[in-house]
Structure formats: C-alpha cells, structure tokens
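Novice: For reference, the file upload_1.txt (compact mmCIF, C-alpha atoms and all ligand atoms) is included below:
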```
# COMPACT_ATOMS: atom_id res chain seq x y z
CA MET A 1 -19.24 -21.06 9.95
CA GLY A 2 -22.12 -18.94 11.03
CA GLY A 3 -22.90 -17.27 14.30
CA TRP A 4 -26.03 -17.92 16.31
CA ARG A 5 -29.42 -16.32 16.21
CA PHE A 6 -28.04 -12.89 17.08
CA GLY A 7 -26.23 -13.22 13.77
CA ASP A 8 -23.30 -11.19 12.57
CA PRO A 9 -24.80 -7.69 12.54
CA ASN A 10 -21.75 -6.03 11.07
CA GLY A 11 -20.90 -8.75 8.59
CA ARG A 12 -17.26 -8.69 9.58
CA ARG A 13 -16.83 -11.64 11.95
CA LYS A 14 -14.28 -14.31 11.15
CA TRP A 15 -14.20 -17.73 12.76
CA PHE A 16 -11.29 -19.77 14.04
CA SER A 17 -12.06 -23.49 14.41
CA HIS A 18 -10.17 -25.87 16.66
CA ALA A 19 -11.08 -29.38 15.57
CA ALA A 20 -9.48 -31.38 18.42
CA PRO A 21 -11.09 -32.19 21.79
CA PHE A 22 -10.74 -29.33 24.25
CA GLY A 23 -11.77 -29.34 27.92
CA GLY A 24 -14.80 -31.59 27.54
CA LEU A 25 -15.76 -30.15 24.17
CA PRO A 26 -15.31 -32.00 20.90
CA GLY A 27 -13.68 -28.84 19.57
CA PHE A 28 -14.58 -25.17 19.52
CA GLN A 29 -14.82 -22.10 17.40
CA LEU A 30 -14.06 -18.52 18.30
CA ALA A 31 -15.59 -15.60 16.44
CA TYR A 32 -13.22 -12.67 16.17
CA GLU A 33 -12.76 -9.37 14.42
CA THR A 34 -9.56 -7.60 13.45
CA TRP A 35 -8.57 -4.07 12.52
CA GLY A 36 -5.35 -2.92 10.89
CA THR A 37 -2.58 -5.05 9.40
CA LEU A 38 -0.14 -7.40 11.06
CA ASN A 39 3.36 -6.17 10.20
CA ALA A 40 6.10 -8.41 8.80
CA GLU A 41 7.69 -8.93 12.23
CA ALA A 42 4.26 -9.66 13.79
CA SER A 43 5.23 -7.12 16.43
CA ASN A 44 2.19 -4.82 16.35
CA ALA A 45 -0.61 -7.14 17.51
CA VAL A 46 -2.92 -6.02 20.32
CA LEU A 47 -5.45 -8.31 21.95
CA VAL A 48 -8.61 -6.57 23.17
CA LEU A 49 -10.74 -8.65 25.54
CA HIS A 50 -14.37 -7.80 26.16
CA ALA A 51 -16.37 -7.83 29.38
CA LEU A 52 -19.29 -10.08 30.32
CA THR A 53 -21.86 -9.08 27.71
CA GLY A 54 -19.48 -7.62 25.15
CA ASP A 55 -18.48 -9.15 21.86
CA SER A 56 -15.86 -9.01 19.13
CA HIS A 57 -17.13 -5.70 17.78
CA VAL A 58 -14.74 -3.22 19.37
CA ALA A 59 -14.95 -0.51 16.71
CA GLY A 60 -17.85 0.61 14.61
CA GLY A 61 -19.11 3.55 12.71
CA VAL A 62 -15.79 3.80 10.94
CA GLU A 63 -16.69 1.55 8.02
CA PRO A 64 -19.79 1.93 5.84
CA GLY A 65 -22.46 -0.74 6.14
CA HIS A 66 -21.72 -1.70 9.73
CA PRO A 67 -24.71 -0.66 11.77
CA THR A 68 -23.68 -1.62 15.32
CA PRO A 69 -21.48 0.78 17.23
CA GLY A 70 -18.42 -0.81 18.73
CA TRP A 71 -18.21 -0.92 22.52
CA TRP A 72 -14.72 0.66 22.52
CA ALA A 73 -14.90 2.53 19.21
CA SER A 74 -12.97 5.38 20.81
CA LEU A 75 -9.83 3.23 20.80
CA VAL A 76 -9.74 1.85 17.26
CA GLY A 77 -9.74 3.81 14.01
CA PRO A 78 -7.74 6.56 12.30
CA GLY A 79 -6.02 8.81 14.80
CA LYS A 80 -7.24 6.77 17.76
CA PRO A 81 -4.97 5.19 20.38
CA LEU A 82 -4.65 1.80 18.65
CA ASP A 83 -4.19 3.23 15.13
CA GLY A 84 -1.24 1.46 13.48
CA PHE A 85 -1.71 -1.72 15.45
CA PHE A 86 -3.23 -5.03 14.37
CA VAL A 87 -6.14 -5.28 16.79
CA VAL A 88 -7.65 -8.70 17.48
CA ALA A 89 -10.87 -9.08 19.46
CA PRO A 90 -12.35 -12.55 20.02
CA ASN A 91 -15.78 -13.32 21.39
CA VAL A 92 -15.07 -15.28 24.54
CA LEU A 93 -15.38 -19.07 24.70
CA GLY A 94 -18.79 -19.76 26.25
CA GLY A 95 -20.22 -16.54 24.84
CA CYS A 96 -23.14 -16.19 22.47
CA GLN A 97 -21.90 -13.80 19.82
CA GLY A 98 -20.42 -16.34 17.43
CA SER A 99 -18.15 -18.41 19.67
CA THR A 100 -18.87 -21.89 20.94
CA GLY A 101 -21.10 -21.78 23.98
CA PRO A 102 -24.01 -23.47 25.70
CA TRP A 103 -26.34 -22.17 22.98
CA GLN A 104 -24.60 -24.74 20.76
CA TYR A 105 -24.01 -27.58 23.24
CA PRO A 106 -26.75 -27.82 25.91
CA ALA A 107 -24.44 -30.02 28.02
CA PHE A 108 -21.73 -27.39 27.87
CA PRO A 109 -18.98 -28.16 30.41
CA ASP A 110 -18.06 -25.79 33.24
CA ILE A 111 -15.26 -23.59 32.03
CA ALA A 112 -12.86 -21.27 33.82
CA ILE A 113 -11.18 -18.05 32.75
CA ARG A 114 -8.10 -20.22 32.15
CA ASP A 115 -9.98 -22.32 29.60
CA GLN A 116 -11.09 -19.18 27.80
CA VAL A 117 -7.50 -17.98 27.63
CA ALA A 118 -6.30 -21.42 26.52
CA ALA A 119 -8.73 -21.13 23.59
CA GLU A 120 -7.40 -17.65 22.80
CA VAL A 121 -3.84 -19.03 22.82
CA HIS A 122 -4.88 -21.37 20.00
CA LEU A 123 -6.29 -18.37 18.12
CA ALA A 124 -3.01 -16.46 18.57
CA ASP A 125 -1.05 -19.45 17.24
CA PHE A 126 -3.38 -19.66 14.25
CA LEU A 127 -2.88 -15.95 13.50
CA GLY A 128 0.92 -16.31 13.75
CA ILE A 129 1.17 -14.03 16.77
CA GLU A 130 3.91 -15.21 19.11
CA ARG A 131 3.89 -12.07 21.28
CA TRP A 132 1.23 -9.47 21.86
CA ALA A 133 2.47 -5.89 21.86
CA ALA A 134 -0.36 -5.40 24.34
CA VAL A 135 -3.20 -7.26 25.96
CA VAL A 136 -6.02 -4.96 27.09
CA GLY A 137 -9.13 -5.84 29.06
CA GLY A 138 -11.66 -4.56 31.55
CA SER A 139 -13.74 -6.46 34.09
CA MET A 140 -14.09 -10.05 32.78
CA GLY A 141 -11.77 -9.02 29.91
CA GLY A 142 -9.27 -7.93 32.54
CA MET A 143 -9.51 -11.32 34.23
CA ARG A 144 -8.53 -12.89 30.92
CA ALA A 145 -5.81 -10.30 30.37
CA VAL A 146 -4.15 -11.01 33.71
CA GLU A 147 -4.50 -14.75 33.12
CA TRP A 148 -2.74 -14.29 29.76
CA ALA A 149 0.11 -12.40 31.45
CA VAL A 150 0.50 -14.95 34.25
CA GLY A 151 -0.03 -18.10 32.20
CA GLN A 152 1.83 -16.97 29.06
CA PRO A 153 4.32 -14.44 30.43
CA ALA A 154 6.67 -14.59 27.44
CA ARG A 155 3.86 -13.76 25.04
CA VAL A 156 2.65 -10.48 26.56
CA ASP A 157 4.84 -7.37 26.16
CA SER A 158 2.48 -4.94 27.82
CA LEU A 159 -0.72 -5.16 29.74
CA LEU A 160 -3.62 -2.85 30.56
CA LEU A 161 -5.92 -4.07 33.33
CA LEU A 162 -9.05 -2.02 33.95
CA ALA A 163 -11.59 -2.36 36.74
CA THR A 164 -10.68 -5.98 37.36
CA THR A 165 -9.28 -8.35 39.95
CA ALA A 166 -6.76 -11.14 40.49
CA ALA A 167 -9.46 -13.26 42.11
CA ALA A 168 -13.23 -12.91 42.41
CA SER A 169 -14.19 -11.70 45.90
CA ALA A 170 -16.89 -13.07 48.19
CA GLU A 171 -19.15 -10.12 47.37
CA GLN A 172 -18.66 -10.51 43.62
CA ILE A 173 -19.39 -14.23 43.86
CA GLY A 174 -22.41 -13.55 46.06
CA LEU A 175 -23.95 -11.02 43.70
CA ALA A 176 -23.24 -13.22 40.72
CA SER A 177 -24.65 -16.35 42.32
CA ALA A 178 -27.93 -14.53 43.03
CA GLN A 179 -28.09 -13.75 39.31
CA VAL A 180 -27.45 -17.37 38.38
CA HIS A 181 -30.21 -18.48 40.76
CA ALA A 182 -32.63 -16.06 39.12
CA ILE A 183 -31.92 -17.53 35.68
CA LYS A 184 -32.14 -21.13 36.86
CA ALA A 185 -35.39 -20.44 38.71
CA SER A 186 -36.99 -18.88 35.67
CA PRO A 187 -35.21 -19.27 32.35
CA ALA A 188 -37.74 -16.93 30.74
CA GLU A 189 -37.56 -14.07 33.24
CA GLY A 190 -34.26 -14.74 34.94
CA LEU A 191 -31.87 -13.07 32.52
CA GLY A 192 -33.67 -9.75 32.91
CA ILE A 193 -33.67 -10.08 36.70
CA ALA A 194 -29.97 -10.93 36.62
CA ARG A 195 -29.25 -7.85 34.51
CA ARG A 196 -31.17 -5.63 36.92
CA ILE A 197 -29.14 -6.93 39.88
CA ALA A 198 -25.92 -6.64 37.93
CA HIS A 199 -26.64 -3.22 36.49
CA ILE A 200 -27.17 -1.70 39.95
CA SER A 201 -23.70 -2.96 40.85
CA TYR A 202 -22.25 -1.51 37.62
CA ARG A 203 -23.29 2.04 38.56
CA SER A 204 -22.65 4.14 41.65
CA GLU A 205 -25.13 4.91 44.38
CA GLN A 206 -24.48 8.64 43.88
CA GLU A 207 -25.18 8.47 40.13
CA LEU A 208 -28.45 6.59 40.60
CA GLN A 209 -29.54 9.07 43.27
CA ALA A 210 -28.63 12.11 41.20
CA ARG A 211 -30.24 10.77 38.00
CA PHE A 212 -33.41 9.25 39.37
CA GLY A 213 -33.89 10.10 43.02
CA ARG A 214 -37.37 9.04 44.16
CA ASP A 215 -39.11 10.24 41.01
CA ARG A 216 -41.89 8.20 39.46
CA GLN A 217 -43.05 7.98 35.88
CA ASP A 218 -46.64 8.44 34.72
CA ASP A 219 -47.08 4.64 34.73
CA GLY A 220 -46.27 4.55 38.45
CA ARG A 221 -42.88 2.92 38.19
CA PHE A 222 -39.94 4.56 39.88
CA GLU A 223 -37.64 6.14 37.28
CA VAL A 224 -34.81 3.90 38.44
CA GLU A 225 -37.07 0.85 38.14
CA SER A 226 -37.95 1.82 34.60
CA TYR A 227 -34.26 2.35 33.80
CA LEU A 228 -33.43 -1.14 35.06
CA ASP A 229 -36.42 -2.58 33.18
CA HIS A 230 -35.00 -0.98 30.03
CA HIS A 231 -31.54 -2.51 30.51
CA ALA A 232 -33.12 -5.88 31.33
CA ALA A 233 -35.18 -5.86 28.14
CA LYS A 234 -32.23 -4.70 26.07
CA LEU A 235 -29.94 -7.47 27.30
CA THR A 236 -32.64 -10.11 26.89
CA ARG A 237 -32.88 -9.15 23.21
CA ARG A 238 -29.16 -9.52 22.60
CA PHE A 239 -27.89 -12.19 25.00
CA ASP A 240 -28.39 -15.85 25.79
CA ALA A 241 -29.28 -16.86 29.36
CA ALA A 242 -27.23 -20.05 29.31
CA SER A 243 -24.15 -18.14 28.15
CA TYR A 244 -24.72 -15.63 30.92
CA VAL A 245 -24.64 -18.47 33.47
CA THR A 246 -21.54 -20.07 31.93
CA LEU A 247 -19.61 -16.79 31.84
CA THR A 248 -20.75 -15.74 35.31
CA GLU A 249 -19.60 -19.04 36.78
CA ALA A 250 -16.27 -18.71 34.95
CA MET A 251 -15.82 -15.30 36.61
CA ASN A 252 -16.76 -16.73 40.00
CA SER A 253 -14.05 -19.38 39.64
CA HIS A 254 -11.41 -16.80 38.68
CA ASP A 255 -8.37 -16.92 40.93
CA VAL A 256 -5.13 -16.30 39.12
CA GLY A 257 -3.24 -17.77 42.08
CA ARG A 258 -5.00 -21.14 42.11
CA GLY A 259 -2.41 -23.93 41.85
CA ARG A 260 0.34 -21.31 41.54
CA GLY A 261 1.12 -20.68 45.19
CA GLY A 262 -1.38 -17.87 45.61
CA VAL A 263 -2.04 -14.52 43.97
CA LYS A 264 1.26 -12.87 44.95
CA ALA A 265 3.36 -15.71 43.57
CA ALA A 266 1.29 -15.82 40.39
CA LEU A 267 1.58 -12.08 39.75
CA ARG A 268 5.36 -12.27 40.17
CA ARG A 269 5.44 -14.38 36.99
CA VAL A 270 4.25 -11.48 34.85
CA GLN A 271 6.97 -10.15 32.53
CA ALA A 272 4.87 -7.47 30.85
CA ARG A 273 5.11 -3.77 31.49
CA ALA A 274 1.73 -3.07 33.04
CA LEU A 275 -0.74 -0.32 33.72
CA VAL A 276 -3.52 -1.08 36.16
CA ALA A 277 -6.45 1.28 36.56
CA GLY A 278 -9.64 1.31 38.58
CA VAL A 279 -12.60 3.62 38.89
CA ASP A 280 -12.95 5.72 42.03
CA SER A 281 -16.73 5.08 42.23
CA ASP A 282 -16.63 1.35 41.34
CA ARG A 283 -18.40 -0.57 44.11
CA LEU A 284 -18.25 -3.93 42.33
CA TYR A 285 -14.50 -4.01 41.60
CA PRO A 286 -13.19 -1.66 44.30
CA LEU A 287 -9.81 0.05 43.96
CA ALA A 288 -8.25 -2.30 46.53
CA GLN A 289 -8.43 -5.07 43.93
CA GLN A 290 -6.51 -3.06 41.34
CA ARG A 291 -4.07 -1.89 44.04
CA GLU A 292 -3.28 -5.57 44.70
CA LEU A 293 -2.62 -6.12 40.99
CA ALA A 294 -0.43 -3.02 40.65
CA ALA A 295 1.56 -3.91 43.76
CA GLY A 296 2.01 -7.53 42.75
CA ILE A 297 3.01 -7.22 39.08
CA PRO A 298 6.74 -6.52 38.95
CA GLY A 299 6.56 -4.29 35.85
CA ALA A 300 3.47 -2.34 36.89
CA ASP A 301 3.38 1.41 37.27
CA ASP A 302 1.55 2.99 40.20
CA LEU A 303 -2.19 2.39 40.26
CA ARG A 304 -4.10 4.79 37.99
CA VAL A 305 -7.51 6.00 39.05
CA ILE A 306 -10.24 6.87 36.57
CA ALA A 307 -12.31 9.67 38.07
CA SER A 308 -15.95 9.11 37.25
CA PRO A 309 -19.42 9.18 38.77
CA TYR A 310 -20.48 6.13 36.71
CA GLY A 311 -19.12 3.30 38.83
CA HIS A 312 -17.82 0.07 37.29
CA ASP A 313 -19.24 0.87 33.83
CA ALA A 314 -16.86 3.86 33.65
CA PHE A 315 -14.29 1.65 31.93
CA LEU A 316 -16.72 1.55 28.98
CA ILE A 317 -17.89 5.16 29.27
CA GLU A 318 -14.85 7.31 30.17
CA SER A 319 -13.27 6.98 26.74
CA GLU A 320 -10.87 9.94 27.07
CA GLN A 321 -9.34 8.64 30.29
CA VAL A 322 -9.15 5.07 28.97
CA GLY A 323 -7.70 6.30 25.66
CA ALA A 324 -5.00 8.22 27.51
CA LEU A 325 -4.02 5.06 29.37
CA VAL A 326 -3.82 3.10 26.13
CA ARG A 327 -1.65 5.79 24.51
CA GLU A 328 0.65 5.70 27.52
CA LEU A 329 0.88 1.91 27.39
CA VAL A 330 1.51 1.59 23.65
CA PRO A 331 2.90 4.76 22.10
CA ALA A 332 1.99 5.21 18.42
CA HIS A 333 3.09 2.28 16.29
CA SER A 334 4.36 2.95 12.80
CA GLY A 335 5.11 -0.65 11.83
CA SER A 336 2.11 -1.21 9.60
CA ARG A 337 1.89 2.20 7.95
C1 LIG B 401 -24.65 -2.13 20.67
C2 LIG B 401 -24.16 -3.44 21.23
O1 LIG B 401 -24.64 -4.46 20.95
S1 LIG B 401 -22.88 -3.31 22.28
C3 LIG B 401 -22.57 -4.94 22.74
C4 LIG B 401 -21.49 -4.98 23.63
N1 LIG B 401 -21.80 -4.13 24.75
C5 LIG B 401 -20.95 -4.02 25.74
O2 LIG B 401 -19.92 -4.61 25.78
C6 LIG B 401 -21.27 -3.11 26.82
C7 LIG B 401 -22.59 -3.38 27.35
N2 LIG B 401 -23.26 -2.16 27.61
C8 LIG B 401 -23.22 -1.61 28.78
O3 LIG B 401 -22.58 -2.11 29.64
C9 LIG B 401 -23.98 -0.37 28.99
O4 LIG B 401 -25.05 -0.34 28.07
C10 LIG B 401 -23.19 0.91 28.86
C11 LIG B 401 -22.09 0.94 29.88
C12 LIG B 401 -22.55 1.06 27.51
C13 LIG B 401 -24.25 1.99 29.10
O5 LIG B 401 -23.71 3.19 29.42
P1 LIG B 401 -24.47 4.60 29.34
O6 LIG B 401 -24.13 5.23 28.04
O7 LIG B 401 -24.10 5.30 30.60
O8 LIG B 401 -26.01 4.30 29.30
P2 LIG B 401 -27.09 4.35 30.48
O9 LIG B 401 -26.83 3.32 31.50
O10 LIG B 401 -27.24 5.73 30.95
O11 LIG B 401 -28.42 3.90 29.73
C14 LIG B 401 -28.95 4.65 28.69
C15 LIG B 401 -30.23 4.00 28.24
O12 LIG B 401 -31.17 3.99 29.33
C16 LIG B 401 -32.38 4.57 28.90
N3 LIG B 401 -33.00 5.23 30.05
C17 LIG B 401 -32.51 6.23 30.81
N4 LIG B 401 -33.39 6.53 31.79
C18 LIG B 401 -34.44 5.70 31.66
C19 LIG B 401 -35.66 5.52 32.37
N5 LIG B 401 -35.97 6.25 33.45
N6 LIG B 401 -36.48 4.55 31.94
C20 LIG B 401 -36.19 3.79 30.87
N7 LIG B 401 -35.05 3.91 30.16
C21 LIG B 401 -34.19 4.87 30.56
C22 LIG B 401 -31.95 5.56 27.83
O13 LIG B 401 -33.04 5.89 27.00
C23 LIG B 401 -30.89 4.78 27.11
O14 LIG B 401 -31.50 3.86 26.24
P3 LIG B 401 -30.69 3.22 25.00
O15 LIG B 401 -29.42 2.65 25.55
O16 LIG B 401 -31.60 2.14 24.49
O17 LIG B 401 -30.44 4.32 24.04
N1 LIG B 402 -21.62 -3.35 31.45
C1 LIG B 402 -20.63 -4.37 31.36
C2 LIG B 402 -20.35 -4.75 32.75
C3 LIG B 402 -19.51 -5.94 32.99
O1 LIG B 402 -18.22 -5.52 33.25
C4 LIG B 402 -21.13 -5.51 30.49
O2 LIG B 402 -22.34 -5.59 30.28
O3 LIG B 402 -20.34 -6.28 29.99
```
Using structure tokens, write down the structure from this file.
Ligand SMILES: CC(=O)SCCNC(=O)CCNC(=O)[C@H](O)C(C)(C)COP(=O)(O)OP(=O)(O)OC[C@H]1O[C@@H](n2cnc3c(N)ncnc32)[C@H](O)[C@@H]1OP(=O)(O)O
Ligand SMILES: N[C@@H](CCO)C(=O)O

Specialist:
Amino acid sequence: MGGWRFGDPNGRRKWFSHAAPFGGLPGFQLAYETWGTLNAEASNAVLVLHALTGDSHVAGGVEPGHPTPGWWASLVGPGKPLDGFFVVAPNVLGGCQGSTGPWQYPAFPDIAIRDQVAAEVHLADFLGIERWAAVVGGSMGGMRAVEWAVGQPARVDSLLLLATTAAASAEQIGLASAQVHAIKASPAEGLGIARRIAHISYRSEQELQARFGRDRQDDGRFEVESYLDHHAAKLTRRFDAASYVTLTEAMNSHDVGRGRGGVKAALRRVQARALVAGVDSDRLYPLAQQRELAAGIPGADDLRVIASPYGHDAFLIESEQVGALVRELVPAHSGSR
C-alpha cells in the first residue's frame, strides 16, 4: 500500500495492515521502518516512538539513495547506541506519513494515546515480537512509551521516557486547544499558526532572547517572527492539518491513570527497568512531570536531567546526552551480529 501525498521519500517504508474493525475504523494500516535484524530469540527488538510531527524515519544518511535525514539518526547505525538491535519505528495511528489518519477517512474517529498503542501492539504481534528489549520515546512518543509499559507491562523490558508526562497538564491542554482552534477557524492558515504557537513552547525564553532579541530584518519583520514564519511554512509543506488536530487531541486526552485508579496506581504496574529524563529548560513539559514518572515507576532510576538551552526540543537536538542515556539503558547487544 502506498503512503499519502507526502509520499515515501526514502523508499524504505513498509506497511502493516489490520483488516478487522478497530475503534470506529474499518481497519487500519501503520507505516513503519526497521533497522538491523531480529535475532532468533526475538530478544533484541527496540521500539522507537516519534513525537507529534515525526515519522518512521529515525535514521538517515547511512544508506545511499535516502535523501531525508532521520530525526534521531544519532541513535541508529554502525557504532551508534542502538547498533546490534532490531529497531522498529512506526508512524503513529492518526498521523500523515503513511499510517491511517484523517487524510484517508474524513470522518476519522477521536482516538487516544491508548488506541495508538493498541494499534502498535498489533504491529508487534505481526512482527513476532513478544517483548521489547526497550521502548524509547520523547514527548508524544513518550506518552505512547509509558502507555505501552503500563498497559502491556510484560512486554516491555526497559523503558526510556524523555521530556514527557503521565498525563497532559492544564497548560499543555490549553496551549494545544488554542492550536486546534486556529486550524478549525482557518484550515488554510491554521496549521502554520498552530506551529508558531507550538514552536515558541518548544524552545526556551532564554534561547529566543539570545538568538533573536529585538532585532528586525530588512523586510521589517522581527527576527523571531521570521524564524517562526519559517517553521510554520516548513511544517505546512510536510504535514496535514487534520492529522495535527487528531494527534493534538489524542495528546490532550492522555492520562495513563484514567480507569486505572489514578497515575500512581497505573505507574506501579510497570515492570520495566526505566530511565526518565527531562530537559532543564523545558517549559512545556517541565521537570516536575518527569519527576512524577521517575518516582512512580518501581524500576526507575533517579530522574536524569538533560542540560540544554533549547527547551523541549532538546530531546531531538542534544544527541550526545540522549545517546548516553540509550547506551545506559540498553548496553551493546551482540545477538544479531
Ligand atoms: C527532515 C524531516 O522531514 S524530519 C521529520 C520529522 N521531524 C521531527 O520529528 C522533528 C521535527 N523538527 C523539529 O522539531 C525541529 O525542526 C528541530 C527540533 C529538529 C529543529 O531544531 P534546530 O536544529 O534547533 O533548528 P532551529 O529551530 O534552530 O531552526 C533552524 C531553521 O530555522 C531557520 N532560521 C533561523 N533563523 C531564522 C530567521 N530569523 N528567519 C527565518 N528562518 C530562520 C534556519 O535557516 C533553519 O532552516 P532549515 O531548518 O530550513 O535549515
Ligand atoms: N519539535 C517536536 C516537538 C513535539 O515534541 C515535533 O515537531 O514533533
């Protein structure tokens, strides 16, 4: 099956199809990419879960003919922290980079993070992976990672949660709902406006001040305004507005404790060894949220703090610090070599 109009830029997507009804859908497909080889015991599989506007393309630039750089290329490839593992990265259900989403069904049902994970459970079954050596995710990917560990505790051996939360906070929901309103008010302009609002929250006040200050460009725009215009235009070229709404609303509904006696009781279900890390300058997913995760997961080490001026986006940018966490979580695997 093919992807959507953004295509398959690297020509390496695979598709898993689930033909039975699923949560208001007649069925679904998930696009995914893999790296490495699953060993005979199926004990070296790592699930990498992308954030809001990410996709299945974790690694790039390591194979000829693949033009798009991967968003976590520092983790996958020879000599990198996940070398020797079988890495699986699906595009999220509801997304627009090959998986079933509102681009395909205009009357797409509301979905929650739990539905997205339920779809990924079907993918794991299809791939013959009973247990993940590790599940790794940041931001929205971290929401799915913690949902995996709570909902499928026997299937997750280790867990890396980055810049994420057990439940969306009032401020996160508030910022996100303003973005959804912008898109609904103006489908043509709204995605760019949403990205501008979101991108401010992804960076730190100090970084924006140091980079742009009050400077203006020759065209009269503030430098920071031009920077946000650039990110708005870039996202509008590569993302679908309806998917953005679907995924944002899924994040807003995220509460790992819902129907499970609250967050603390839910986190106690986790059997995985866990590392939880946040970014010291993250104003969108503040450290208190990761502290709650680290304190509540029985097998979690002390909270790790990524030192960075870049705010929330540091989990995508600070590759050395993130790589060190991954190496600590899953020491080199020799099973597939
Ligand atoms: C390639 C893909 O498709 S990846 C798809 C999946 N992507 C993801 O999962 C992550 C989504 N991406 C992101 O979240 C962000 O882009 C990040 C975190 C990767 C960006 O991080 P950084 O490297 O810090 O980039 P930064 O925010 O500084 O932006 C740099 C861009 O702003 C532009 N820029 C900087 N200042 C200005 C300005 N004053 N006016 C206009 N543009 C500006 C730069 O030219 C650069 O442009 P480019 O990205 O087109 O090359
Ligand atoms: N920059 C990230 C932020 C969300 O965590 C993205 O676009 O997915």

Novice: Can you tell me how far CA of Asp280 in chain A sits from CA of Gln116 in chain A, in Å to one decimal?

Specialist: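 Answer for the CA of Asp280 in chain A to CA of Gln116 in chain A separation: 28.7 Å.
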
Novice: Out of A:Leu316, A:Ala232, A:Ala107, A:Val146, which residue has the shortest atom-to-atom distance to ligand LIG 402 (chain B) when counting all atoms listed in the file?

Specialist: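 Comparing A:Leu316, A:Ala232, A:Ala107, A:Val146 against ligand LIG 402 (chain B), the winner is A:Leu316.
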
Novice: Can you list, as a VMD selection string, every protein, DNA or RNA residue that comes within 8 Å of Leu38 in chain A when you count only C-alpha atoms, leaving out same-chain residues fewer than 6 positions away?

Specialist: chain A and resid 44 to 45 85 to 86 336

Novice: Produce as JSON, numbers by chain the set of residues near ligand LIG 401 (chain B), where near means within 10 Å with only C-alpha atoms and all ligand atoms considered.

Specialist: {"A": [6, 9, 50, 51, 52, 53, 54, 55, 56, 57, 58, 60, 67, 68, 69, 70, 71, 72, 97, 199, 200, 202, 203, 207, 208, 211, 212, 215, 216, 217, 221, 222, 223, 224, 225, 226, 227, 228, 229, 230, 231, 233, 234, 235, 237, 238, 239, 310, 311, 312, 313, 314, 315, 316, 317, 318]}

Novice: Interatomic distance between CA of Tyr32 in chain A and CA of Ser74 in chain A?

Specialist: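 Here the two named atoms are 18.6 Å from each other.
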
Novice: Counting all atoms listed in the file, which residue out of A:Lys184, A:Arg273, A:Arg214, A:His333 sits closest to Arg155 in chain A?

Specialist: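 Checking each candidate against Arg155 in chain A, we get A:Arg273 as the closest.
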
Novice: For Pro309 in chain A, please output as a PyMOL selection string all residues within 8 Å (counting only C-alpha atoms; exclusion window: fewer than 6 positions along the same chain).

Specialist: chain A and resi 204+206-207+281

Novice: Let me see the file: selected residues, C-alpha atoms, as an mmCIF file, keeping the file's coordinate frame.

Specialist:
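Final file, part-v7.cif:
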```
data_model
loop_
_atom_site.group_PDB
_atom_site.id
_atom_site.type_symbol
_atom_site.label_atom_id
_atom_site.label_comp_id
_atom_site.auth_asym_id
_atom_site.auth_seq_id
_atom_site.Cartn_x
_atom_site.Cartn_y
_atom_site.Cartn_z
ATOM 1 C CA SER A 204 -22.650 4.140 41.650
ATOM 2 C CA GLN A 206 -24.480 8.640 43.880
ATOM 3 C CA GLU A 207 -25.180 8.470 40.130
ATOM 4 C CA SER A 281 -16.730 5.080 42.230
#
```

Novice: Work out how far apart CA of Ile197 in chain A and CA of Gly220 in chain A are and give it in Å to one decimal.

Specialist: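 Taking CA of Ile197 in chain A and CA of Gly220 in chain A, their separation equals 20.7 Å.
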
Novice: Determine the nearest neighbour of Arg327 in chain A from the options A:Pro90, A:Gly259, A:Gly84, A:Gly36, counting only C-alpha atoms.

Specialist: A:Gly84

Novice: Which residues come within 6 Å of range 161-176 of chain A, counting all atoms listed in the file, excluding same-chain residues fewer than 5 positions away, as a PyMOL selection string?

Specialist: chain A and resi 137-139+142+252+254-256+276-278+285+289

Novice: Based on the selection just made, write C-alpha atoms of those residues as an mmCIF file, in the coordinates of the input.

Specialist:
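Now in selection12.cif:
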```cif
data_model
loop_
_atom_site.group_PDB
_atom_site.id
_atom_site.type_symbol
_atom_site.label_atom_id
_atom_site.label_comp_id
_atom_site.auth_asym_id
_atom_site.auth_seq_id
_atom_site.Cartn_x
_atom_site.Cartn_y
_atom_site.Cartn_z
ATOM 1 C CA GLY A 137 -9.130 -5.840 29.060
ATOM 2 C CA GLY A 138 -11.660 -4.560 31.550
ATOM 3 C CA SER A 139 -13.740 -6.460 34.090
ATOM 4 C CA GLY A 142 -9.270 -7.930 32.540
ATOM 5 C CA ASN A 252 -16.760 -16.730 40.000
ATOM 6 C CA HIS A 254 -11.410 -16.800 38.680
ATOM 7 C CA ASP A 255 -8.370 -16.920 40.930
ATOM 8 C CA VAL A 256 -5.130 -16.300 39.120
ATOM 9 C CA VAL A 276 -3.520 -1.080 36.160
ATOM 10 C CA ALA A 277 -6.450 1.280 36.560
ATOM 11 C CA GLY A 278 -9.640 1.310 38.580
ATOM 12 C CA TYR A 285 -14.500 -4.010 41.600
ATOM 13 C CA GLN A 289 -8.430 -5.070 43.930
#
```

Novice: Check the smallest atom-to-atom distance from each of A:Arg304, A:Gly151, A:Gly141, A:Glu189 to ligand LIG 402 (chain B) using only C-alpha atoms and all ligand atoms, then report the winner.

Specialist: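 Closest to ligand LIG 402 (chain B) of all the choices is A:Gly141.
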
Novice: Quick one: of A:Asn10, A:Ser201, A:Ser319, A:Thr34, who's nearest to ligand LIG 402 (chain B), counting all atoms listed in the file?

Specialist: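 Distance minimum relative to ligand LIG 402 (chain B) lands on A:Ser201.
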
Novice: Which one of A:Ala182, A:Ala295, A:Ala73, A:Met251 sits closest to ligand LIG 402 (chain B) if you count all atoms listed in the file?

Specialist: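 Closest to ligand LIG 402 (chain B) of all the choices is A:Met251.
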
Novice: Any chance you could work out the axis-aligned box around ligand LIG 402 (chain B), listed atoms only, 4 Å on each side, giving centre and edge lengths in Å to one decimal, as AutoDock Vina command-line options?

Specialist:
```
--center_x -20.3 --center_y -4.8 --center_z 31.6 --size_x 12.1 --size_y 10.9 --size_z 11.3
```

Novice: Counting all atoms listed in the file, what is within 12 Å of His181 in chain A, bar same-chain residues fewer than 6 positions away, as number ranges by chain?

Specialist: A: 174-175, 187, 189-191, 193-194, 197, 241-242, 244-245, 248-249

Novice: Would you pick out the contacts of Gly299 in chain A at 10 Å or less, using all atoms listed in the file, so that residues sharing its chain but fewer than 4 positions from it are not included, and give the list as an mmCIF file with C-alpha atoms, in the frame of the given file?

Specialist:
```cif
data_model
loop_
_atom_site.group_PDB
_atom_site.id
_atom_site.type_symbol
_atom_site.label_atom_id
_atom_site.label_comp_id
_atom_site.auth_asym_id
_atom_site.auth_seq_id
_atom_site.Cartn_x
_atom_site.Cartn_y
_atom_site.Cartn_z
ATOM 1 C CA SER A 158 2.480 -4.940 27.820
ATOM 2 C CA LEU A 159 -0.720 -5.160 29.740
ATOM 3 C CA ARG A 268 5.360 -12.270 40.170
ATOM 4 C CA VAL A 270 4.250 -11.480 34.850
ATOM 5 C CA GLN A 271 6.970 -10.150 32.530
ATOM 6 C CA ALA A 272 4.870 -7.470 30.850
ATOM 7 C CA ARG A 273 5.110 -3.770 31.490
ATOM 8 C CA ALA A 274 1.730 -3.070 33.040
ATOM 9 C CA LEU A 275 -0.740 -0.320 33.720
ATOM 10 C CA ALA A 294 -0.430 -3.020 40.650
ATOM 11 C CA ALA A 295 1.560 -3.910 43.760
#
```
